[in-house]
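Taking it in order: structure first as structure tokens, then the write-up.
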Amino acid sequence: MKKLFLRVLLPAFAPLLLLAVWQVAAVRVDNRIILPPMMDVLHLIIHPTEDLLSMGSLLSNLAISLARVMAGYLLAVVLAVSIGITMGYYRPLFRTFSLFFALFRPVPPLAWVPLVLAWFGVASFATLAGLEYGRWYMYLNNLKISMVFIIFIGGFYPVLTSTIQGVQSVRTTLLDSARVLGAGEMAIFTKVLLPAALPTIVTGMRIGLGVAWMCLVSAEMLPGSLSGIGYLITHAFTVARTDVVIAGMISIGVVGASIDFIFRLFEERTFSWQRRSR
Amino acid sequence: MVMNNGSILEITDLTKNYCAENGAIVHALQGIDLDIAANDFVCIVGPSGCGKSTLLRIMAGLEKQTGGVASYLGKPIDRPTPQIGMVFQEYSLLPWRTVIDNVGLGPEFANMPKQQRLLLATEYLQLVGLERFAQAYPHELSGGMRQRVAIARALANDPDVLLMDEPFGALDAHTRILLQKELLSIWERHRKTIVFVTHSVDEAIFLADRICVMSGTSGRIMEMIDVTMPRPRERSNPLYGQLAERILRMLEGEVAKMGIL
Ligand SMILES: Nc1ncnc2c1ncn2[C@@H]1O[C@H](COP(=O)(O)OP(=O)(O)OP(=O)(O)O)[C@@H](O)[C@H]1O
Ligand SMILES: [Mg+2]
């Protein structure tokens, strides 16, 4: 009973309060463009496969967006983790490149848009793969290089920073003891540095995925985009469908929070050793 | 196994300087000469900061000397080798690995097949009496048990030389005496050469064939003392007390010179 209260009722309190306020306010405002009734939006959300504004359903747009975020994010993780581990381990490399990376870090992903458009235009992964028709063309053409790049920039820095920090804070005694036991450079990387830094890296990955997900709307506002949850929101705005805008926002929130939750669960399960060892 | 009966570790005119943060040069070691014969048990005592860890780390190949030579079986030591094992003062087990996987680390680095590795690791865990904890994680063990695992892990590589840097420093007196006895019995059965750094004069006398007393002011060896008392040594033996007295007086003089007292 107490568990039910703590686990379900307590966290649900604030969202439910918001819904109630919304419902009351919507009745008072009585203007669907400023604030649509809650039930309208709820209807959209519980029928996620219905076609909206002849742009496909909420669900299919979410799926396209997820694919874009994943493409940019995975690229970011692979690069940031490998660069981060080498920079964290080799001091001279760190000295050489940390300023370089620090310079680009404060630039918001959105500020890259003009450059990225000039570089990549509306080229997509289908263009890269040399496809011009067919099933795969349909899929890959949704992954515009410019969008993936913006998402990549967003996901890259949190992962890089946490990887460097994670590697640099590995105690030297762990490294020394592995060396004395005969570990080569490769074994140091894979069997000591990576596992020791992994909890920090995964935290960075969780934050990075959050940022990448947040870059989505800006990425999907780029030309060449005709789908995706971000595009759905901007398009719905131009045709004054505020209910679709809010439904889109809620699905971004729910998906983002779920991903975060799954990550946290994974962190807790896998890295219990870290909490319990000093 | 070592064939010649001469020295296994040979240290000649070894110096090590560090550059401190403020640019000053710290002479951590100066003109160290030390010959260690196979199967010897040598203890190094000296005031804090006199360079004991530095000396051990050079012997382990973890640190480069500024001058002089440190060699193992006639070959200069320039990198860590599995023949020279080391047990650290600080906690050095990999916290994300079970005890058995920690002990099997050396063989794993040497690419020994998993099955064989597990057998070997179990054998060494038995040696330190911890086979029941094979599947435990380091954080589930007490301090004494962790150091036992660290010792088993070093031994699993079957090194000729075991360097130990204040391995029992963080343990309570009782556990400490227990582990000293355990270490001696391992040393007697497995015929290793052990170089053991300690703060405790009592511990040095209990363990060592020879005690190397280092000077705190200059990073030099002040005196080598042969401990001739028969084993197992009794702390009640008057010779024990006399020797402790003598070494303590030397160290006190050193500490006074350093201006700490
Ligand atoms: N990486 C380093 N950089 C600069 N100075 C160092 C470094 N490592 C050690 N030193 C200095 O060298 C001297 C010897 O250090 P070392 O750690 O060998 O002493 P120790 O005898 O092991 O001391 P303790 O008994 O406290 O462990 C000290 O004065 C120390 O400040
Ligand atoms: Mg020391």
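Ordering of the structure tokens sets the chain letters (A, B, ...), residue numbers begin anew at 1 in every chain, and ligands are numbered from 1 in the order given.
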Q: Please determine the contact residues of chain B with respect to chain A at a cut-off of 10 Å, counting only C-alpha atoms, and supply them as a ChimeraX atom specification.
A: /B:57,60-62,79-97,104-110,137-140,150,153-157,159
Selected residues, N, CA and C atoms, written as a compact mmCIF listing (two decimals), in the first residue's frame, please.
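Full text of part13.txt as output:
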# COMPACT_ATOMS: atom_id res chain seq x y z
N ARG B 57 58.57 0.87 -7.00
CA ARG B 57 57.96 1.09 -8.31
C ARG B 57 59.00 1.00 -9.43
N ALA B 60 59.55 -2.58 -10.02
CA ALA B 60 58.41 -3.18 -10.73
C ALA B 60 58.36 -2.77 -12.19
N GLY B 61 59.20 -1.80 -12.56
CA GLY B 61 59.19 -1.33 -13.94
C GLY B 61 58.09 -0.32 -14.20
N LEU B 62 57.49 0.21 -13.13
CA LEU B 62 56.41 1.18 -13.30
C LEU B 62 56.94 2.60 -13.42
N ARG B 79 60.32 -2.24 -17.95
CA ARG B 79 58.85 -2.28 -18.02
C ARG B 79 58.39 -3.39 -17.09
N PRO B 80 57.11 -3.37 -16.73
CA PRO B 80 56.62 -4.43 -15.86
C PRO B 80 56.71 -5.79 -16.56
N THR B 81 57.06 -6.82 -15.81
CA THR B 81 57.01 -8.17 -16.37
C THR B 81 56.26 -9.07 -15.39
N PRO B 82 55.61 -10.10 -15.90
CA PRO B 82 54.87 -11.00 -15.02
C PRO B 82 55.76 -11.72 -14.00
N GLN B 83 57.08 -11.75 -14.24
CA GLN B 83 57.97 -12.42 -13.28
C GLN B 83 58.14 -11.60 -11.99
N ILE B 84 57.83 -10.31 -12.08
CA ILE B 84 57.93 -9.48 -10.89
C ILE B 84 56.53 -8.99 -10.54
N GLY B 85 55.98 -9.54 -9.47
CA GLY B 85 54.62 -9.18 -9.08
C GLY B 85 54.64 -8.09 -8.03
N MET B 86 53.49 -7.44 -7.84
CA MET B 86 53.46 -6.38 -6.84
C MET B 86 52.10 -6.33 -6.15
N VAL B 87 52.17 -6.08 -4.84
CA VAL B 87 50.94 -5.88 -4.07
C VAL B 87 50.99 -4.45 -3.53
N PHE B 88 49.91 -3.71 -3.76
CA PHE B 88 49.91 -2.29 -3.43
C PHE B 88 49.31 -2.03 -2.06
N GLN B 89 49.68 -0.88 -1.51
CA GLN B 89 49.10 -0.51 -0.23
C GLN B 89 47.63 -0.18 -0.37
N GLU B 90 47.31 0.58 -1.40
CA GLU B 90 45.91 0.94 -1.59
C GLU B 90 45.16 -0.23 -2.18
N TYR B 91 43.86 -0.07 -2.14
CA TYR B 91 42.94 -1.03 -2.68
C TYR B 91 43.14 -1.12 -4.19
N SER B 92 43.49 -2.29 -4.70
CA SER B 92 43.84 -2.36 -6.11
C SER B 92 43.07 -3.43 -6.87
N LEU B 93 42.03 -4.02 -6.25
CA LEU B 93 41.24 -5.01 -6.99
C LEU B 93 40.30 -4.28 -7.94
N LEU B 94 39.95 -4.91 -9.03
CA LEU B 94 39.00 -4.30 -9.95
C LEU B 94 37.59 -4.51 -9.37
N PRO B 95 36.94 -3.41 -8.98
CA PRO B 95 35.69 -3.54 -8.20
C PRO B 95 34.54 -4.16 -8.98
N TRP B 96 34.61 -4.17 -10.31
CA TRP B 96 33.49 -4.71 -11.10
C TRP B 96 33.67 -6.19 -11.39
N ARG B 97 34.78 -6.76 -10.92
CA ARG B 97 35.01 -8.18 -11.16
C ARG B 97 34.86 -8.97 -9.88
N GLY B 104 42.23 -14.29 -11.44
CA GLY B 104 42.63 -14.84 -12.74
C GLY B 104 43.10 -13.80 -13.74
N LEU B 105 43.28 -12.57 -13.27
CA LEU B 105 43.58 -11.46 -14.18
C LEU B 105 44.91 -11.64 -14.92
N GLY B 106 45.95 -12.00 -14.17
CA GLY B 106 47.28 -12.17 -14.79
C GLY B 106 47.25 -13.22 -15.89
N PRO B 107 46.75 -14.45 -15.56
CA PRO B 107 46.62 -15.46 -16.61
C PRO B 107 45.74 -15.00 -17.78
N GLU B 108 44.73 -14.20 -17.48
CA GLU B 108 43.88 -13.69 -18.56
C GLU B 108 44.67 -12.78 -19.50
N PHE B 109 45.51 -11.94 -18.92
CA PHE B 109 46.35 -11.08 -19.75
C PHE B 109 47.31 -11.92 -20.58
N ALA B 110 47.68 -13.10 -20.06
CA ALA B 110 48.58 -13.97 -20.80
C ALA B 110 47.82 -14.89 -21.75
N TYR B 137 32.01 -9.99 -4.70
CA TYR B 137 32.67 -8.82 -5.26
C TYR B 137 33.56 -8.20 -4.17
N PRO B 138 34.62 -7.50 -4.58
CA PRO B 138 35.55 -6.95 -3.59
C PRO B 138 34.87 -6.13 -2.48
N HIS B 139 33.82 -5.39 -2.84
CA HIS B 139 33.21 -4.55 -1.80
C HIS B 139 32.48 -5.36 -0.75
N GLU B 140 32.32 -6.66 -1.01
CA GLU B 140 31.67 -7.50 -0.01
C GLU B 140 32.68 -8.10 0.98
N ALA B 150 44.41 -9.77 -3.13
CA ALA B 150 45.47 -9.10 -3.90
C ALA B 150 46.74 -9.94 -3.92
N ARG B 153 46.18 -12.86 -6.19
CA ARG B 153 46.22 -12.40 -7.57
C ARG B 153 47.66 -12.24 -8.05
N ALA B 154 48.51 -11.67 -7.18
CA ALA B 154 49.92 -11.53 -7.56
C ALA B 154 50.57 -12.90 -7.72
N LEU B 155 50.24 -13.85 -6.81
CA LEU B 155 50.86 -15.16 -6.85
C LEU B 155 50.40 -15.98 -8.05
N ALA B 156 49.18 -15.74 -8.52
CA ALA B 156 48.62 -16.54 -9.62
C ALA B 156 49.44 -16.39 -10.90
N ASN B 157 50.22 -15.34 -10.98
CA ASN B 157 51.12 -15.16 -12.13
C ASN B 157 52.41 -15.95 -11.95
N PRO B 159 55.08 -15.33 -10.01
CA PRO B 159 56.27 -14.49 -10.20
C PRO B 159 57.45 -15.02 -9.38
Q: Mind the document's chain letters and residue numbers, and return as a PyMOL selection string the residues of range 47-214 of chain B that DSSP labels helix (DSSP H, G or I).
A: chain B and resi 52-59+99-103+105-109+114-127+131-133+138-140+143-155+173-190+201-207
Q: Could you report the residues within 7 Å of ligand 2, using only C-alpha atoms and all ligand atoms, as a PyMOL selection string?
A: chain B and resi 49+52-53+165
Q: List all protein, DNA and RNA residues that have an atom no more than 10 Å from any atom of ligand 1, counting only C-alpha atoms and all ligand atoms, and report them as a PyMOL selection string.
A: chain B and resi 16-21+23-29+44-58+63+89+165-166+169+197-199+214-219
Q | Distance query range 155-163 of chain A at most 9 Å, only C-alpha atoms, self and fewer than 5 positions along chain excluded, as a PyMOL selection string | A | chain A and resi 72-77+79-85+88+101+105+150+168+197-198+200-213+215
May I have the residues from that selection written out with N, CA and C atoms, as a compact mmCIF listing (two decimals), in the first residue's frame?
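Resulting contents of selection-v9.txt:
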# COMPACT_ATOMS: atom_id res chain seq x y z
N GLY A 72 22.06 9.88 -35.54
CA GLY A 72 22.98 10.92 -35.10
C GLY A 72 23.63 10.56 -33.77
N TYR A 73 22.81 9.99 -32.90
CA TYR A 73 23.29 9.70 -31.55
C TYR A 73 24.32 8.58 -31.56
N LEU A 74 24.05 7.52 -32.30
CA LEU A 74 25.00 6.40 -32.33
C LEU A 74 26.35 6.85 -32.88
N LEU A 75 26.28 7.67 -33.91
CA LEU A 75 27.50 8.23 -34.47
C LEU A 75 28.25 9.02 -33.39
N ALA A 76 27.49 9.83 -32.66
CA ALA A 76 28.09 10.65 -31.60
C ALA A 76 28.73 9.78 -30.54
N VAL A 77 28.03 8.72 -30.12
CA VAL A 77 28.56 7.86 -29.06
C VAL A 77 29.85 7.19 -29.50
N LEU A 79 32.01 8.00 -31.82
CA LEU A 79 33.14 8.92 -31.94
C LEU A 79 33.56 9.48 -30.58
N ALA A 80 32.57 9.91 -29.79
CA ALA A 80 32.90 10.56 -28.52
C ALA A 80 33.57 9.59 -27.56
N VAL A 81 33.12 8.34 -27.52
CA VAL A 81 33.74 7.39 -26.60
C VAL A 81 35.16 7.08 -27.03
N SER A 82 35.38 6.87 -28.33
CA SER A 82 36.76 6.53 -28.72
C SER A 82 37.68 7.73 -28.57
N ILE A 83 37.22 8.90 -28.97
CA ILE A 83 38.06 10.09 -28.78
C ILE A 83 38.27 10.34 -27.29
N GLY A 84 37.19 10.21 -26.51
CA GLY A 84 37.27 10.49 -25.08
C GLY A 84 38.24 9.56 -24.36
N ILE A 85 38.21 8.28 -24.70
CA ILE A 85 39.10 7.35 -24.01
C ILE A 85 40.56 7.67 -24.33
N GLY A 88 41.46 10.97 -22.70
CA GLY A 88 41.53 10.87 -21.25
C GLY A 88 42.77 10.13 -20.79
N PHE A 101 38.22 21.32 -28.65
CA PHE A 101 36.85 20.88 -28.40
C PHE A 101 36.09 21.89 -27.55
N ARG A 105 32.23 23.73 -28.16
CA ARG A 105 31.23 23.25 -27.23
C ARG A 105 30.10 24.25 -26.94
N ILE A 150 23.06 17.74 -37.01
CA ILE A 150 22.64 18.59 -35.89
C ILE A 150 22.45 17.73 -34.62
N GLN A 168 39.88 9.82 -16.82
CA GLN A 168 40.90 10.50 -16.02
C GLN A 168 40.76 10.21 -14.53
N ALA A 197 35.53 3.27 -16.38
CA ALA A 197 34.91 4.55 -16.73
C ALA A 197 33.46 4.37 -17.18
N LEU A 198 33.03 3.13 -17.37
CA LEU A 198 31.72 2.89 -17.97
C LEU A 198 30.55 3.56 -17.23
N THR A 200 30.44 6.33 -15.62
CA THR A 200 30.45 7.75 -15.99
C THR A 200 30.08 7.92 -17.45
N ILE A 201 30.59 7.03 -18.30
CA ILE A 201 30.29 7.12 -19.73
C ILE A 201 28.78 6.95 -19.96
N VAL A 202 28.19 5.97 -19.26
CA VAL A 202 26.76 5.73 -19.48
C VAL A 202 25.92 6.91 -18.99
N THR A 203 26.35 7.53 -17.91
CA THR A 203 25.64 8.74 -17.48
C THR A 203 25.72 9.81 -18.58
N GLY A 204 26.90 9.97 -19.17
CA GLY A 204 27.05 10.92 -20.26
C GLY A 204 26.20 10.53 -21.45
N MET A 205 26.10 9.21 -21.69
CA MET A 205 25.28 8.73 -22.81
C MET A 205 23.81 9.05 -22.58
N ARG A 206 23.39 8.93 -21.34
CA ARG A 206 21.99 9.23 -21.03
C ARG A 206 21.72 10.72 -21.25
N ILE A 207 22.61 11.56 -20.75
CA ILE A 207 22.43 13.00 -20.94
C ILE A 207 22.52 13.34 -22.43
N GLY A 208 23.46 12.72 -23.11
CA GLY A 208 23.64 12.97 -24.54
C GLY A 208 22.41 12.61 -25.35
N LEU A 209 21.78 11.50 -24.99
CA LEU A 209 20.58 11.09 -25.72
C LEU A 209 19.46 12.10 -25.47
N GLY A 210 19.41 12.61 -24.25
CA GLY A 210 18.42 13.63 -23.93
C GLY A 210 18.62 14.87 -24.80
N VAL A 211 19.88 15.31 -24.89
CA VAL A 211 20.17 16.51 -25.69
C VAL A 211 19.88 16.24 -27.16
N ALA A 212 20.28 15.07 -27.63
CA ALA A 212 20.05 14.72 -29.04
C ALA A 212 18.56 14.75 -29.34
N TRP A 213 17.79 14.22 -28.43
CA TRP A 213 16.33 14.18 -28.59
C TRP A 213 15.77 15.60 -28.61
N CYS A 215 17.34 18.17 -29.73
CA CYS A 215 17.75 18.84 -30.97
C CYS A 215 16.82 18.46 -32.12
Got a sec: who's within 7 Å of range 52-63 of chain A, counting only C-alpha atoms, leaving out chain neighbours fewer than 4 positions off, as a compact mmCIF listing (two decimals) with all heavy atoms, in the first residue's frame?
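Heads up, here's the output in out.txt:
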# COMPACT_ATOMS: atom_id res chain seq x y z
N PRO A 48 -2.98 6.83 -31.74
CA PRO A 48 -1.72 7.32 -32.34
C PRO A 48 -1.53 6.88 -33.78
O PRO A 48 -0.60 7.35 -34.43
CB PRO A 48 -0.64 6.72 -31.43
CG PRO A 48 -1.27 5.51 -30.86
CD PRO A 48 -2.75 5.75 -30.78
N ALA A 67 14.37 7.23 -35.55
CA ALA A 67 15.42 6.72 -36.43
C ALA A 67 16.47 7.80 -36.66
O ALA A 67 17.68 7.53 -36.63
CB ALA A 67 14.82 6.28 -37.76
N SER A 227 8.56 15.11 -42.74
CA SER A 227 8.02 14.13 -41.82
C SER A 227 8.75 14.26 -40.50
O SER A 227 9.69 15.03 -40.38
CB SER A 227 8.22 12.73 -42.38
OG SER A 227 9.60 12.53 -42.62
N GLY A 228 8.28 13.52 -39.54
CA GLY A 228 8.94 13.55 -38.23
C GLY A 228 8.10 14.36 -37.26
O GLY A 228 7.34 15.25 -37.65
N ILE A 229 8.26 14.06 -35.99
CA ILE A 229 7.41 14.68 -34.99
C ILE A 229 7.68 16.17 -34.89
O ILE A 229 6.77 16.97 -34.67
CB ILE A 229 7.60 13.96 -33.63
CG1 ILE A 229 6.42 14.23 -32.70
CG2 ILE A 229 8.87 14.35 -32.96
CD1 ILE A 229 5.23 13.39 -33.04
Q) Out of B:Val255, B:Leu125, B:Ile100, B:Ile11, which residue has the shortest atom-to-atom distance to Arg148 in chain B when counting only C-alpha atoms? A) B:Leu125
Q. When you draw a straight line from CA of Gly166 in chain A to CA of Tyr89 in chain A, how long is it in Å?
A. 10.0 Å
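Straight-line separation from CA of Glu182 in chain B to CA of Leu248 in chain B: 25.4 Å.
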Q | Residue nearest Thr12 in chain B among B:Gln180, B:Arg210, B:Ser71, B:Met59 (counting only C-alpha atoms) | A | B:Ser71
